[in-house]
Amino acid sequence: MPATVVIGTQWGDEGKGKLTDLLSREMQVVVRYQGGHNAGHTVVVDGEAFALQLLPSGVLYPSITPVIGNGVVVEPKVLLDEMDMLTRRGIDCSRLVISGSAHLVMPYHQELDALTERHLGKNKLGTTKRGIGPAYADKAARIGLRAQDLLDAKIFRQKLDVVLKEKNAILAKVYNRLPLSADEIAQRYLDEYAPRLAPHIGDAVGLVQATLAAGQGVLLEGAQATFLDLDHGTYPFVTSSNTVAGGACTGAGIGPRQVDRVIGIAKAYVTRVGAGPFPTEATGELADMLVERGHEYGTNTGRRRRPGWFDAVMMRHAVRLSSVSELAVTKLDVLDTFETLKVCVAYQAGGQRYESLPWHQSVLHEVEPVYEELPGWKTSTSEVTRRDQLPPQAVRYLEFLSRQAGVPVTFVGVGPGRDQVVRFQEP
């Protein structure tokens, strides 16, 4: 049974956790393949909300083996706190496997992230200041510490001493900050974190490959979304890893031919957090309405998200980048009260019409959306369980999005609950 990849097709917060939770019922292994604790997934089970940062959503199923892949950067304390929280609420985390090749977020990463963002001033990127970018930078520079280093105190301390010498020089000479103590960091990571994490650290690639070879289901769950991708997003207002479907292969240790289904998640409208271009961004009363009805505040940070109308230009680009085979549209119920809905089908800039995403960032910052209007349905969809119960205008809206994207809409979310999902069309 080939692997399934779940990706966000917008700027994140599309509801990947909920869909991953739904699809996990058919899987044996669920892998988080990139990102760190800067991404939050919320799953609602029987009215109880579970906010996850590092653990794959599949952890909520006792039959699933949750895996943190080599493409993830792990902050040990955050992970342990998350595991403790779930344990207190009756969720067994003992099956968790952490790739030994996953890199660790260290205290100096978080310190430098916050200082750099502050130093940028009005040009700041809007990061979560949690050390994710610096951790990936060290990974690329080949000076990062990995989860497997927690299993060898001598190696851990040797690597830490080398890298901390450089980091403390930067902290002191560039930012006029006091140096960090290698002894304190080593004590915390080796004496507090390592004993608890050691039983979980292992060969994640071998596990995933063995599961696929046995014909069992593997679900690859991404964090963030397409337009936060380091290479393909709205750079520099992006994350520090590859969020597109190709990132699932490198971040979990599988080949492209082992994937046969890529499900793209999209809100029925669009939101983003932090700075960066947003062609369909709403303002004023419309923005406030979308934020309040959609509860558009960050799972981890609490930051208010920037809302706007659905952008089909972005969607078509996301479909191409990841070979998306189907769409799941979430939060349809947020649009229940609108008289008229808008969908951006093209951009205008400099007298030119763009059906595809402009490749140059200067153009993207200047574009104006070209909208098509569709009638709203002015009735609640939150209790709908079948396609034939959806208002005709809602069906028309979803079919319009499908035509614009060029792929079928298979799932529709009509509320935050685990079972508030409508099967709209077969893939």
# chains A, B, ... in the order shown; residues from 1 in each chain; ligands from 1
>>> select_by_dssp(residues="stretch 55-162 of chain A", states="helix (DSSP H, G or I)", output="ChimeraX atom specification")
/A:57-60,76-88,107-123,132-141,147-151,153-162
>>> residues_around(residues="A:Ala223", least_positions_apart="2", cutoff="9 Å", atoms="only C-alpha atoms", output="PyMOL selection string")
chain A and resi 7-8+12+16+32-36+38-41+221+225+243
>>> select_by_dssp(residues="stretch 5-253 of chain A", states="strand (DSSP E or B)", output="JSON, numbers by chain")
{"A": [5, 6, 7, 8, 29, 30, 31, 32, 35, 41, 42, 43, 44, 45, 48, 49, 50, 51, 52, 65, 66, 67, 68, 72, 73, 74, 97, 98, 99, 103, 104, 146, 201, 202, 218, 219, 220, 221]}
>>> write_last_selection(atoms="N, CA and C atoms", output="tab-separated table (two decimals), in the first residue's frame")
chain	number	residue	atom	x	y	z
A	5	VAL	N	0.24	11.51	1.32
A	5	VAL	CA	0.80	12.76	1.85
A	5	VAL	C	-0.32	13.77	2.04
A	6	VAL	N	-0.32	14.44	3.18
A	6	VAL	CA	-1.27	15.52	3.45
A	6	VAL	C	-0.50	16.82	3.55
A	7	ILE	N	-0.85	17.79	2.71
A	7	ILE	CA	-0.16	19.09	2.73
A	7	ILE	C	-1.16	20.24	2.81
A	8	GLY	N	-0.69	21.34	3.34
A	8	GLY	CA	-1.46	22.58	3.28
A	8	GLY	C	-1.20	23.27	1.96
A	29	VAL	N	0.99	3.74	10.36
A	29	VAL	CA	2.04	4.66	10.77
A	29	VAL	C	1.69	6.06	10.27
A	30	VAL	N	1.85	7.06	11.13
A	30	VAL	CA	1.66	8.45	10.74
A	30	VAL	C	2.95	9.19	11.04
A	31	VAL	N	3.49	9.86	10.02
A	31	VAL	CA	4.80	10.50	10.12
A	31	VAL	C	4.68	12.01	9.99
A	32	ARG	N	5.24	12.71	10.94
A	32	ARG	CA	5.44	14.17	10.79
A	32	ARG	C	6.79	14.33	10.10
A	35	GLY	N	9.30	20.69	9.80
A	35	GLY	CA	8.84	21.72	10.72
A	35	GLY	C	9.26	21.43	12.15
A	41	HIS	N	-1.41	21.94	15.40
A	41	HIS	CA	-2.55	21.23	14.86
A	41	HIS	C	-3.57	21.03	15.97
A	42	THR	N	-4.82	21.31	15.69
A	42	THR	CA	-5.87	21.11	16.67
A	42	THR	C	-6.84	20.05	16.18
A	43	VAL	N	-7.08	19.03	17.01
A	43	VAL	CA	-8.04	17.98	16.70
A	43	VAL	C	-9.08	17.96	17.82
A	44	VAL	N	-10.36	17.97	17.46
A	44	VAL	CA	-11.43	17.96	18.45
A	44	VAL	C	-12.07	16.57	18.46
A	45	VAL	N	-12.02	15.91	19.61
A	45	VAL	CA	-12.57	14.56	19.77
A	45	VAL	C	-13.62	14.59	20.86
A	48	GLU	N	-13.65	17.56	22.94
A	48	GLU	CA	-12.41	17.86	23.65
A	48	GLU	C	-11.33	18.20	22.64
A	49	ALA	N	-10.70	19.37	22.79
A	49	ALA	CA	-9.70	19.82	21.84
A	49	ALA	C	-8.30	19.39	22.27
A	50	PHE	N	-7.54	18.85	21.32
A	50	PHE	CA	-6.16	18.47	21.54
A	50	PHE	C	-5.30	19.35	20.63
A	51	ALA	N	-4.48	20.22	21.23
A	51	ALA	CA	-3.59	21.09	20.47
A	51	ALA	C	-2.21	20.46	20.44
A	52	LEU	N	-1.77	20.07	19.25
A	52	LEU	CA	-0.50	19.37	19.08
A	52	LEU	C	0.49	20.27	18.37
A	65	THR	N	1.28	3.92	15.05
A	65	THR	CA	2.64	4.24	15.50
A	65	THR	C	2.96	5.65	14.99
A	66	PRO	N	3.05	6.62	15.90
A	66	PRO	CA	3.39	7.99	15.47
A	66	PRO	C	4.90	8.14	15.33
A	67	VAL	N	5.32	8.81	14.28
A	67	VAL	CA	6.75	8.95	13.99
A	67	VAL	C	7.09	10.42	13.77
A	68	ILE	N	8.16	10.87	14.41
A	68	ILE	CA	8.73	12.18	14.12
A	68	ILE	C	9.92	11.94	13.21
A	72	VAL	N	12.23	16.82	10.76
A	72	VAL	CA	11.68	17.67	11.82
A	72	VAL	C	12.82	18.19	12.70
A	73	VAL	N	12.66	19.38	13.25
A	73	VAL	CA	13.57	19.86	14.29
A	73	VAL	C	12.81	19.83	15.62
A	74	VAL	N	13.42	19.21	16.62
A	74	VAL	CA	12.72	18.86	17.86
A	74	VAL	C	13.26	19.66	19.04
A	97	VAL	N	7.99	7.03	17.90
A	97	VAL	CA	9.35	6.80	17.40
A	97	VAL	C	9.89	8.14	16.88
A	98	ILE	N	11.07	8.52	17.36
A	98	ILE	CA	11.74	9.74	16.92
A	98	ILE	C	12.94	9.35	16.09
A	99	SER	N	13.03	9.87	14.89
A	99	SER	CA	14.18	9.57	14.06
A	99	SER	C	15.46	10.04	14.75
A	103	HIS	N	17.02	16.78	13.94
A	103	HIS	CA	17.88	17.75	14.63
A	103	HIS	C	17.18	18.34	15.84
A	104	LEU	N	18.00	18.77	16.80
A	104	LEU	CA	17.49	19.33	18.05
A	104	LEU	C	17.48	20.86	17.99
A	146	ARG	N	21.86	16.24	16.82
A	146	ARG	CA	20.70	15.42	16.44
A	146	ARG	C	20.20	14.60	17.62
A	201	ILE	N	13.92	7.05	20.56
A	201	ILE	CA	14.81	7.41	19.47
A	201	ILE	C	15.27	6.16	18.74
A	202	GLY	N	15.11	6.16	17.40
A	202	GLY	CA	15.49	4.95	16.67
A	202	GLY	C	15.50	5.14	15.16
A	218	VAL	N	0.79	4.16	5.38
A	218	VAL	CA	1.64	5.19	5.96
A	218	VAL	C	1.11	6.55	5.53
A	219	LEU	N	0.88	7.41	6.49
A	219	LEU	CA	0.41	8.77	6.23
A	219	LEU	C	1.51	9.74	6.59
A	220	LEU	N	1.84	10.64	5.67
A	220	LEU	CA	2.89	11.63	5.87
A	220	LEU	C	2.25	12.99	6.09
A	221	GLU	N	2.46	13.54	7.27
A	221	GLU	CA	1.76	14.75	7.69
A	221	GLU	C	2.73	15.92	7.73
>>> closest_residue(among="A:Arg386, A:Val370, A:Thr226, A:Gly276", to="A:Asp419", atoms="only C-alpha atoms")
A:Arg386
>>> closest_residue(among="A:Gly274, A:Gly131, A:Pro427, A:Gly217", to="A:Tyr297", atoms="only C-alpha atoms")
A:Gly274
>>> closest_residue(among="A:Ala287, A:Gly222, A:Ser63, A:Pro277", to="A:Phe237", atoms="only C-alpha atoms")
A:Pro277
>>> closest_residue(among="A:Ala405, A:Ala147, A:Val244, A:Ala186", to="A:Ala328", atoms="only C-alpha atoms")
A:Ala405
>>> atom_distance(atom1="atom CA of A:Arg403", atom2="atom CA of A:Arg316")
10.0 Å
>>> residues_around(residues="A:Ala282", least_positions_apart="2", cutoff="10 Å", atoms="only C-alpha atoms", output="list in words")
Val270, Thr271, Phe278, Pro279, Thr280, Gly284, Glu285, Leu286, Ala287, Asp288, Met289, Leu290, Arg306, Pro307, Gly308 and Trp309 of chain A
>>> atom_distance(atom1="atom CA of A:Val205", atom2="atom CA of A:Asp21")
21.7 Å
>>> closest_residue(among="A:Ala3, A:Pro416, A:Met27, A:Gly17", to="A:Asp46", atoms="only C-alpha atoms")
A:Pro416
>>> closest_residue(among="A:Asp311, A:Thr234, A:Ala153, A:Gly406", to="A:Val363", atoms="only C-alpha atoms")
A:Thr234
>>> decode(residues="stretch 71-89 of chain A", atoms="N, CA and C atoms", output="compact mmCIF listing (two decimals), in the first residue's frame")
# COMPACT_ATOMS: atom_id res chain seq x y z
N GLY A 71 13.21 14.95 9.02
CA GLY A 71 13.09 16.31 8.54
C GLY A 71 12.58 17.30 9.57
N VAL A 72 12.23 16.82 10.76
CA VAL A 72 11.68 17.67 11.82
C VAL A 72 12.82 18.19 12.70
N VAL A 73 12.66 19.38 13.25
CA VAL A 73 13.57 19.86 14.29
C VAL A 73 12.81 19.83 15.62
N VAL A 74 13.42 19.21 16.62
CA VAL A 74 12.72 18.86 17.86
C VAL A 74 13.26 19.66 19.04
N GLU A 75 12.36 20.36 19.72
CA GLU A 75 12.69 20.99 20.98
C GLU A 75 12.29 20.00 22.08
N PRO A 76 13.26 19.38 22.76
CA PRO A 76 12.94 18.27 23.67
C PRO A 76 11.94 18.61 24.77
N LYS A 77 12.08 19.78 25.38
CA LYS A 77 11.16 20.12 26.47
C LYS A 77 9.73 20.25 25.96
N VAL A 78 9.56 20.88 24.81
CA VAL A 78 8.22 21.02 24.24
C VAL A 78 7.62 19.65 23.95
N LEU A 79 8.43 18.76 23.38
CA LEU A 79 7.94 17.42 23.07
C LEU A 79 7.56 16.68 24.34
N LEU A 80 8.39 16.72 25.36
CA LEU A 80 8.09 16.01 26.61
C LEU A 80 6.86 16.61 27.29
N ASP A 81 6.72 17.93 27.27
CA ASP A 81 5.53 18.56 27.85
C ASP A 81 4.28 18.12 27.11
N GLU A 82 4.38 18.02 25.79
CA GLU A 82 3.24 17.60 24.98
C GLU A 82 2.88 16.15 25.28
N MET A 83 3.87 15.30 25.41
CA MET A 83 3.63 13.90 25.76
C MET A 83 2.99 13.78 27.14
N ASP A 84 3.49 14.57 28.08
CA ASP A 84 2.92 14.55 29.44
C ASP A 84 1.47 15.01 29.43
N MET A 85 1.19 16.06 28.64
CA MET A 85 -0.18 16.56 28.55
C MET A 85 -1.12 15.49 28.03
N LEU A 86 -0.70 14.80 26.98
CA LEU A 86 -1.55 13.75 26.41
C LEU A 86 -1.71 12.57 27.37
N THR A 87 -0.63 12.23 28.06
CA THR A 87 -0.70 11.12 29.03
C THR A 87 -1.71 11.43 30.13
N ARG A 88 -1.69 12.65 30.63
CA ARG A 88 -2.65 13.05 31.67
C ARG A 88 -4.08 12.96 31.16
N ARG A 89 -4.26 13.10 29.85
CA ARG A 89 -5.61 13.06 29.28
C ARG A 89 -5.95 11.69 28.70
